[in-house]
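In what follows, a single structure is set out as structure tokens and then discussed.
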Amino acid sequence: MVTAAAAPEAAPAVAQWEAVIGLETHVQLGTASKIFTCASTAFGDDPNSHIDPVVCGLPGTLPVLNQKVLEYAVKASLALNLNVAEHSKFDRKQYFYPDLPKNYQISQYDEPIAEDGWIEVEVAEKGKETYLKRIGIERLHMEEDAGKLVHAGSDRLAGSTHSLVDYNRAGVALAEIVSKPDLRTGREAAEYASEIRRIMRYLGVSDGNMQEGSLRCDVNISVRRGPDAPFGTKVEIKNMNSFSAIQKACEYEIQRQIKAYEAGEPVVQETRLWDEGKQLTKSMRSKEGASDYRYFPDPDLGPIEVSPLQREAWLAELPELPAAKRHRYADELGLSIYDARVLTDERPMAEYFEAVVAAGADPKAAANWISGDIAAHVNANRLSYNALPLRPAQLAEMVQLIEGGEISGKIAKEILPELLEQGGSPKAIVEERGLGMISDPAAITAIVDALLAAHPDEVEAFRAGKTKLQGFFVGQLMKQTGGKADPKLSNQILNTRLKG
Amino acid sequence: MGIAAWREQLRTGEVSARELTDQHLARISAVDPTVHAFLEVTADRARADADRIDAARSAGEPLAPLAGIPLAIKDNLCTKGIRTTCSSRMLETFVPPYESTVTERLWQAGAVLLGKTNLDEFAMGSSTETSAFGPSRNPWNPERVPGGSSGGSAAAVAAGECVASLGSDTGGSIRQPAAFCGVVGFKPTYGRVSRWGLVAFASSLDQVGPFTTSVADSAELLQVIAGADPRDATCLKAPVPDYVAALQQPVQGLRVGLIRECFEQEGLDPEVKASVLAAAAQLEALGCELVEVSCPRFNAGIATYYVIAPSEASANLARYDGVKYGYRAGSGEPAGASLAEMTAQSRSEGFGDEVKRRILIGTYALSAGYVDAYYKKAQQVRTLIRRDFDAAFAGVDVLLTPTSPTTAFGFGAHADDPLAMYLADLLTIPANLAGLPAINVPCGFDQQGLPIGLQLIGNVLAEERVLQVAHHYEQAARVMAGRPAAALVP
């Protein structure tokens, strides 16, 4: 059982210090077209192949909200337990940069689509007790993504001879999710980000692909001397491309800030970049002069309305979310915390598992098969659970054959590769090939007796106290029967006969 | 002659579309060197379009409602494949790859494009003097401005260079030049007409509308351009009524409100005041009831407007940075210069003074520390102005004011005093702030022979009512029948 206790005590060396961490997560909403125009959102095509006059901000063009974006944003908000506003609006955030075609970004400033929610995060770390923590979420708002600058002649702006702009990403819909400063460790930050990703994938509103930039996290982090001390100076960290990078960047930064304070040096408010190669953060720019984005309501877009009726309709379409599944698997199906976590990580796997259980398989046995051999096969071959030839009912049948003592686990493992490739009825295969378990005591006794007769030296050694030799006889027995002998019965009979 | 009469002649073959187009192209050749209403004349396209219509007619095909009618279009409305400059160096070479919704609807209705007309740069001005390509002149007196910003469109209609034209109105940019040039100019309800393809000045105020020689023609054009557009989220979905039919509704018993604050303006020319009050009396004679109403915040309109419009403009014009299209400083290869320098230099050279002034005002009004005192306060006053109108319309059908406090002024009259120029929009701005339909109808001439216009303002989506009252007044007053001789007007 997972306890809802507070985070365990931090390591003694930094006991007096506490980190305060908040995350800003940009999630690309996976609509086919962009947030304000019908240009495609496809990733990875030739530069500037998914643009149109609206994307480029040509004079006289106007944005019109893609209703699918609104649906995805509201569903994401509901899944994060946020309060969805009946009325909200879009604002213009103004700054000059060539990746921004209009030199303003259409975003939501003081009236976001949703505010004040939370998610439950399960914080698991090797060698430490797994615990649950509720992380507050400040808000979720919709905005358009910017384009991408490609610096020629250098991989950075510095030293490049010129820069190219690719507007394929410009205008792709983003949901920005801002956490409350409730995170205290790098692990918590990584677990929070990964739970956000998991929820978005469950909803089907984003693929959450960090390598392609569909999920991007910025971390705000400060340290203070204990939970009652005032907040320290906040530092922003960018450029983390994995959850482990988030964890490591936080852990590095916490130590860096503590060392600075302890050495009597100031921590300056700035943006730092995580360097994955060197495993450290380095200063990018100072944030002392706060930017003035001159926000004002975008007059091209009317108010965003979400009626209570529409909200309820979208709420009813939400799937069971990962946290609820984890609880249910542990509490109702009796799975371990670990198994529940593994099985619920991706919705298709969880749904496959549930279908197997629904078809009559013992949950624990089903969990073992799925998280073991089947997951390995699916992952190695990049398959999808929906299209797996071994249908849930067939796997359930196999699990039941084992439970009913009709086949051994060893036989099941032998026929599994074929089932995974082609599907089919395990029961029919077992019958057709005579792979059923030998569970007739007389038959086993006859084989055992023949074995003992064939190995008199070993029998003598066993009786002289070398009881480990029972394993040798089991092996011989299985070899002779092709693994079909009922293991429990075989052991029983062997034991009796050996002891003579 | 009006659209209905031309349509009949085109139908019967009394005149061909080609002849009608050629007549107007000849008129442009004759008078535009003086008037300078046009930035570009699309003669080849016009003749080809006219020939196509004539061929269709010969083949017995039914003619679309505006088939063969030659029009001019303000050069801030995007025309596919035809330069759209906004009278700015910044867009001197900009050729849109798309058509504005309003012009698309006109071409579908068979109208013929004669060319693109001059305006104040990015529609910022009241005289066309801020055009980067030189001002237009008032056909009634070439020493006077035609008004602005849609001065080219107004002058082209007044000078007989086209049957009708389109303009845009953000603070009076259709009505004021219509008044100065003695034509009908109509700004519909905000959202009645799509803004897709209208180069934005102040997005919450901009609205496209027609310039015509009669109220009936105004109804004809509005009929074609009005209506929902999925490409403009602010465009209203309300069905489009039959505006032409509405003209014939009787006006007896309608209540016409005279806004007291408008007639008490300090700068109101007594001749203008007398002419508009005489027009009011004419409406009374037609059976309308005159009511004095008060819009206490009417005069706050100009201050409100000159915060909101520049604020929106400062964002709308941020896209002109020399990176993607439009003017770029230097040879196009910003060697050595930083990106910021290239953008700053392009904007410094590409924009004129008035545009820069408004970008500065707007940037200031939206800046941290000032946004509450300026932009947000202005939005609050805007709401109050709208409420004043709501209250007024509880008791009247239309409101009547002068369109402009004066008749057309001379070139350079406000050169040293931009604020005095801004006051020219005093009477037209409140209708934009409240999003209401408002029309200019000529109602007389001053002693110098310059036209005077009256403004009728209707409630939201009450275009029919505005057109109806304007039409009855126009038919009764016959102002143009008694017009004085003018330098250019035939």
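Ligands are numbered from 1 in the order shown, chains are lettered A, B, ... in the order of the structure tokens, and residues start at 1 in each chain.
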Distance query region 227-229 of chain B at most 6 Å, only C-alpha atoms, self and fewer than 5 positions along chain excluded, as JSON, numbers by chain: {"B": [192, 193, 235, 236, 237, 240]}
Keeping N, CA, C and O atoms for every residue in the selection just given, could you write it to a file as a tab-separated table (two decimals), in the first residue's frame?
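File selection_38.tsv, as written:
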chain	number	residue	atom	x	y	z
B	192	ARG	N	-20.63	43.36	-39.28
B	192	ARG	CA	-21.60	43.09	-40.35
B	192	ARG	C	-20.87	42.67	-41.64
B	192	ARG	O	-21.38	41.86	-42.42
B	193	VAL	N	-19.67	43.24	-41.80
B	193	VAL	CA	-18.88	42.97	-43.00
B	193	VAL	C	-17.55	42.35	-42.57
B	193	VAL	O	-16.94	42.80	-41.60
B	235	CYS	N	-16.87	38.45	-37.30
B	235	CYS	CA	-17.93	38.72	-38.26
B	235	CYS	C	-19.25	38.12	-37.75
B	235	CYS	O	-19.27	36.97	-37.30
B	236	LEU	N	-20.32	38.90	-37.79
B	236	LEU	CA	-21.59	38.46	-37.21
B	236	LEU	C	-22.28	37.45	-38.12
B	236	LEU	O	-22.20	37.54	-39.35
B	237	LYS	N	-22.98	36.51	-37.47
B	237	LYS	CA	-23.65	35.47	-38.25
B	237	LYS	C	-25.09	35.82	-38.60
B	237	LYS	O	-25.77	35.06	-39.29
B	240	VAL	N	-28.51	38.37	-43.56
B	240	VAL	CA	-28.47	39.68	-44.23
B	240	VAL	C	-29.86	39.99	-44.77
B	240	VAL	O	-30.37	39.26	-45.61
Sorted by chain and rising residue number, list the residues of chain B at most 9 Å from chain A (counting only C-alpha atoms), each with its closest atom pair and distance in Å to one decimal, as a Markdown table.
| residue | atom | partner | partner_atom | distance |
| --- | --- | --- | --- | --- |
| B:Asn76 | CA | A:Gly60 | CA | 8.3 |
| B:Leu77 | CA | A:Gly60 | CA | 7.6 |
| B:Cys78 | CA | A:Gly60 | CA | 6.9 |
| B:Pro96 | CA | A:Leu58 | CA | 8.1 |
| B:Pro97 | CA | A:Pro53 | CA | 7.8 |
| B:Tyr98 | CA | A:Pro53 | CA | 8.0 |
| B:Ser100 | CA | A:Gly60 | CA | 7.7 |
| B:Arg195 | CA | A:Gly60 | CA | 7.5 |
| B:Trp196 | CA | A:Thr61 | CA | 5.8 |
| B:Gly197 | CA | A:Gly60 | CA | 4.0 |
| B:Leu198 | CA | A:Gly60 | CA | 4.6 |
| B:Val199 | CA | A:Gly60 | CA | 3.9 |
| B:Ala200 | CA | A:Gly60 | CA | 5.9 |
| B:Ala202 | CA | A:Pro299 | CA | 8.5 |
| B:Ser203 | CA | A:Pro299 | CA | 5.7 |
| B:Ser204 | CA | A:Pro299 | CA | 5.3 |
| B:Pro230 | CA | A:Val64 | CA | 7.8 |
| B:Arg231 | CA | A:Val64 | CA | 6.5 |
| B:Asp232 | CA | A:Leu62 | CA | 6.2 |
| B:Ala233 | CA | A:Val64 | CA | 5.5 |
| B:Thr234 | CA | A:Gly302 | CA | 6.2 |
| B:Ser311 | CA | A:Phe296 | CA | 8.7 |
| B:Glu312 | CA | A:Pro299 | CA | 8.0 |
| B:Ala315 | CA | A:Tyr104 | CA | 7.1 |
| B:Asn316 | CA | A:Lys102 | CA | 7.8 |
| B:Leu317 | CA | A:Lys102 | CA | 8.4 |
| B:Ala318 | CA | A:Asn103 | CA | 5.6 |
| B:Arg319 | CA | A:Lys102 | CA | 4.4 |
| B:Tyr320 | CA | A:Lys102 | CA | 8.1 |
| B:Asp321 | CA | A:Asn103 | CA | 8.4 |
| B:Val323 | CA | A:Pro98 | CA | 7.2 |
| B:Lys324 | CA | A:Pro101 | CA | 8.2 |
| B:Tyr325 | CA | A:Leu58 | CA | 8.4 |
| B:Leu339 | CA | A:Pro98 | CA | 8.7 |
| B:Ala340 | CA | A:Phe96 | CA | 8.5 |
| B:Thr363 | CA | A:Arg294 | CA | 7.6 |
| B:Ala365 | CA | A:Arg294 | CA | 8.9 |
| B:Leu366 | CA | A:Arg294 | CA | 5.2 |
| B:Ser367 | CA | A:Arg294 | CA | 5.3 |
| B:Ala368 | CA | A:Asp292 | CA | 6.2 |
| B:Val371 | CA | A:Arg294 | CA | 8.0 |
| B:Tyr375 | CA | A:Phe296 | CA | 8.5 |
Non-local contacts of Thr41 (chain A) (8 Å; only C-alpha atoms; under 5 positions in same chain excluded) as a PyMOL selection string: chain A and resi 31-34+50+168-169+172
As a PyMOL selection string, please: every residue in region 228-391 of chain B that DSSP puts in strand (DSSP E or B). chain B and resi 255-259+289-293
Please measure the separation of CA of Met284 (chain A) and CA of Thr271 (chain A), giving the value in Å to one decimal.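 Going from CA of Met284 (chain A) over to CA of Thr271 (chain A), I get 5.5 Å.
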Name the residues of region 196-423 of chain A that fall into helix (DSSP H, G or I) according to DSSP on the backbone, using the chain letters and numbers of this document, as a PyMOL selection string. chain A and resi 196-203+243-262+308-316+322-331+337-344+347-358+363-380+385-387+392-403+409-422
Near region 384-399 of chain B, within 9 Å and counting only C-alpha atoms, which residues show up once chain neighbours fewer than 4 positions away are dropped, as a PyMOL selection string? chain B and resi 254-259+290-291+293-298+300-301+379-380+430-431+433-435+455-459+462+465-466+469
Emit the selected residues as a short mmCIF file (atom, residue, chain, number, x, y, z; two decimals), in the first residue's frame, including C-alpha atoms.
data_model
loop_
_atom_site.label_atom_id
_atom_site.label_comp_id
_atom_site.auth_asym_id
_atom_site.auth_seq_id
_atom_site.Cartn_x
_atom_site.Cartn_y
_atom_site.Cartn_z
CA LEU B 254 -39.89 57.40 -36.83
CA ARG B 255 -38.12 59.18 -34.02
CA VAL B 256 -34.92 60.99 -35.01
CA GLY B 257 -32.66 61.96 -32.10
CA LEU B 258 -30.48 65.06 -32.31
CA ILE B 259 -27.48 64.56 -30.04
CA LEU B 290 -37.40 65.11 -33.81
CA VAL B 291 -36.17 64.42 -30.29
CA VAL B 293 -31.15 63.41 -26.76
CA SER B 294 -28.00 63.55 -24.69
CA CYS B 295 -24.93 61.33 -24.92
CA PRO B 296 -22.95 62.80 -22.03
CA ARG B 297 -19.77 60.88 -22.86
CA PHE B 298 -19.89 61.66 -26.60
CA ALA B 300 -14.89 61.65 -24.47
CA GLY B 301 -14.86 59.59 -27.65
CA GLN B 379 -11.87 50.52 -22.47
CA GLN B 380 -14.00 51.53 -19.50
CA PRO B 430 -18.25 57.41 -31.15
CA ALA B 431 -20.08 55.21 -33.69
CA LEU B 433 -16.32 52.86 -30.40
CA ALA B 434 -19.88 51.58 -30.00
CA GLY B 435 -19.74 49.49 -33.20
CA GLN B 455 -24.52 61.63 -40.21
CA LEU B 456 -27.27 59.18 -39.31
CA ILE B 457 -26.33 56.61 -36.65
CA GLY B 458 -28.40 53.47 -36.09
CA ASN B 459 -28.55 50.86 -33.39
CA ALA B 462 -30.11 48.53 -37.80
CA ARG B 465 -33.35 51.77 -40.62
CA VAL B 466 -30.32 53.98 -41.33
CA VAL B 469 -34.17 57.35 -43.32
#
Determine, counting only C-alpha atoms, which protein, DNA and RNA residues have an atom within 12 Å of an atom of His141 (chain A); residues of the same chain fewer than 5 positions away are not included. Present the result as number ranges by chain. A: 24-29, 69-70, 72-74, 76-77, 82-85, 88-91, 106-116, 173-178, 304
When you draw a straight line from CA of Gly322 (chain B) to CA of Asp145 (chain A), how long is it in Å?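 Pair CA of Gly322 (chain B) / CA of Asp145 (chain A) returns 21.4 Å.
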Would you list the contacts of Ser336 (chain A) as a PyMOL selection string, taking every protein, DNA or RNA residue within 10 Å and counting only C-alpha atoms, but skipping same-chain residues closer than 3 positions in sequence? chain A and resi 1-2+326+329-331+333+339-342+364+367
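Residues lying within 10 Å of Thr481 (chain A), counting only C-alpha atoms and ignoring same-chain neighbours fewer than 2 positions away, are Leu435, Met437, Ile438, Ile444, Ile447, Gly475, Gln476, Leu477, Met478, Lys479, Gly483, Lys484, Ala485 and Asp486 of chain A.
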Selected residues written out, N, CA and C atoms, as a PDB file, in the first residue's frame:
ATOM      1  N   LEU A 435       0.587 -31.440 -25.194  1.00  0.00           N
ATOM      2  CA  LEU A 435       1.455 -30.745 -24.239  1.00  0.00           C
ATOM      3  C   LEU A 435       0.832 -30.661 -22.849  1.00  0.00           C
ATOM      4  N   MET A 437      -0.414 -31.436 -19.130  1.00  0.00           N
ATOM      5  CA  MET A 437       0.382 -31.825 -17.969  1.00  0.00           C
ATOM      6  C   MET A 437       0.138 -33.304 -17.630  1.00  0.00           C
ATOM      7  N   ILE A 438       1.223 -34.034 -17.249  1.00  0.00           N
ATOM      8  CA  ILE A 438       1.068 -35.407 -16.732  1.00  0.00           C
ATOM      9  C   ILE A 438       0.781 -35.275 -15.245  1.00  0.00           C
ATOM     10  N   ILE A 444       3.588 -40.864 -13.026  1.00  0.00           N
ATOM     11  CA  ILE A 444       4.789 -40.171 -12.532  1.00  0.00           C
ATOM     12  C   ILE A 444       5.623 -41.130 -11.668  1.00  0.00           C
ATOM     13  N   ILE A 447       7.745 -43.357 -13.747  1.00  0.00           N
ATOM     14  CA  ILE A 447       8.923 -42.677 -14.318  1.00  0.00           C
ATOM     15  C   ILE A 447       9.967 -42.443 -13.237  1.00  0.00           C
ATOM     16  N   GLY A 475      15.171 -32.269 -12.597  1.00  0.00           N
ATOM     17  CA  GLY A 475      15.619 -31.935 -13.949  1.00  0.00           C
ATOM     18  C   GLY A 475      15.497 -33.127 -14.875  1.00  0.00           C
ATOM     19  N   GLN A 476      15.967 -34.290 -14.388  1.00  0.00           N
ATOM     20  CA  GLN A 476      15.893 -35.506 -15.195  1.00  0.00           C
ATOM     21  C   GLN A 476      14.443 -35.834 -15.549  1.00  0.00           C
ATOM     22  N   LEU A 477      13.585 -35.675 -14.548  1.00  0.00           N
ATOM     23  CA  LEU A 477      12.168 -35.991 -14.728  1.00  0.00           C
ATOM     24  C   LEU A 477      11.536 -35.109 -15.809  1.00  0.00           C
ATOM     25  N   MET A 478      11.860 -33.825 -15.706  1.00  0.00           N
ATOM     26  CA  MET A 478      11.292 -32.875 -16.668  1.00  0.00           C
ATOM     27  C   MET A 478      11.841 -33.163 -18.066  1.00  0.00           C
ATOM     28  N   LYS A 479      13.114 -33.526 -18.109  1.00  0.00           N
ATOM     29  CA  LYS A 479      13.752 -33.829 -19.385  1.00  0.00           C
ATOM     30  C   LYS A 479      13.030 -34.998 -20.052  1.00  0.00           C
ATOM     31  N   GLY A 483       8.914 -31.631 -19.872  1.00  0.00           N
ATOM     32  CA  GLY A 483       8.413 -30.537 -19.049  1.00  0.00           C
ATOM     33  C   GLY A 483       6.950 -30.644 -18.717  1.00  0.00           C
ATOM     34  N   LYS A 484       6.341 -31.779 -19.064  1.00  0.00           N
ATOM     35  CA  LYS A 484       4.901 -31.859 -18.877  1.00  0.00           C
ATOM     36  C   LYS A 484       4.477 -32.402 -17.506  1.00  0.00           C
ATOM     37  N   ALA A 485       5.430 -32.947 -16.774  1.00  0.00           N
ATOM     38  CA  ALA A 485       5.067 -33.525 -15.480  1.00  0.00           C
ATOM     39  C   ALA A 485       4.618 -32.441 -14.522  1.00  0.00           C
ATOM     40  N   ASP A 486       3.532 -32.715 -13.790  1.00  0.00           N
ATOM     41  CA  ASP A 486       3.032 -31.750 -12.807  1.00  0.00           C
ATOM     42  C   ASP A 486       4.119 -31.522 -11.762  1.00  0.00           C
TER      43      ASP A 486
END
Can you work out which one of B:His471, B:Lys187, B:His414, B:Arg57 has the shortest atom-to-atom distance to Glu129 (chain B), counting only C-alpha atoms?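 Of the candidates, the smallest distance to Glu129 (chain B) is held by B:His414.
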Proximity to Ser153 (chain B) - best of B:Leu423, B:Ala132, B:Ala37, B:Ala246, only C-alpha atoms: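 Among the listed residues, the smallest separation from Ser153 (chain B) belongs to B:Ala37.
Shortest separation to Lys238 (chain A) among A:Arg225, A:Trp274, A:Arg311, A:Val267 occurs at residue A:Trp274, atoms counted being only C-alpha atoms.
One finds CA of Asn440 (chain B) at 15.5 Å from CA of Ala278 (chain B).
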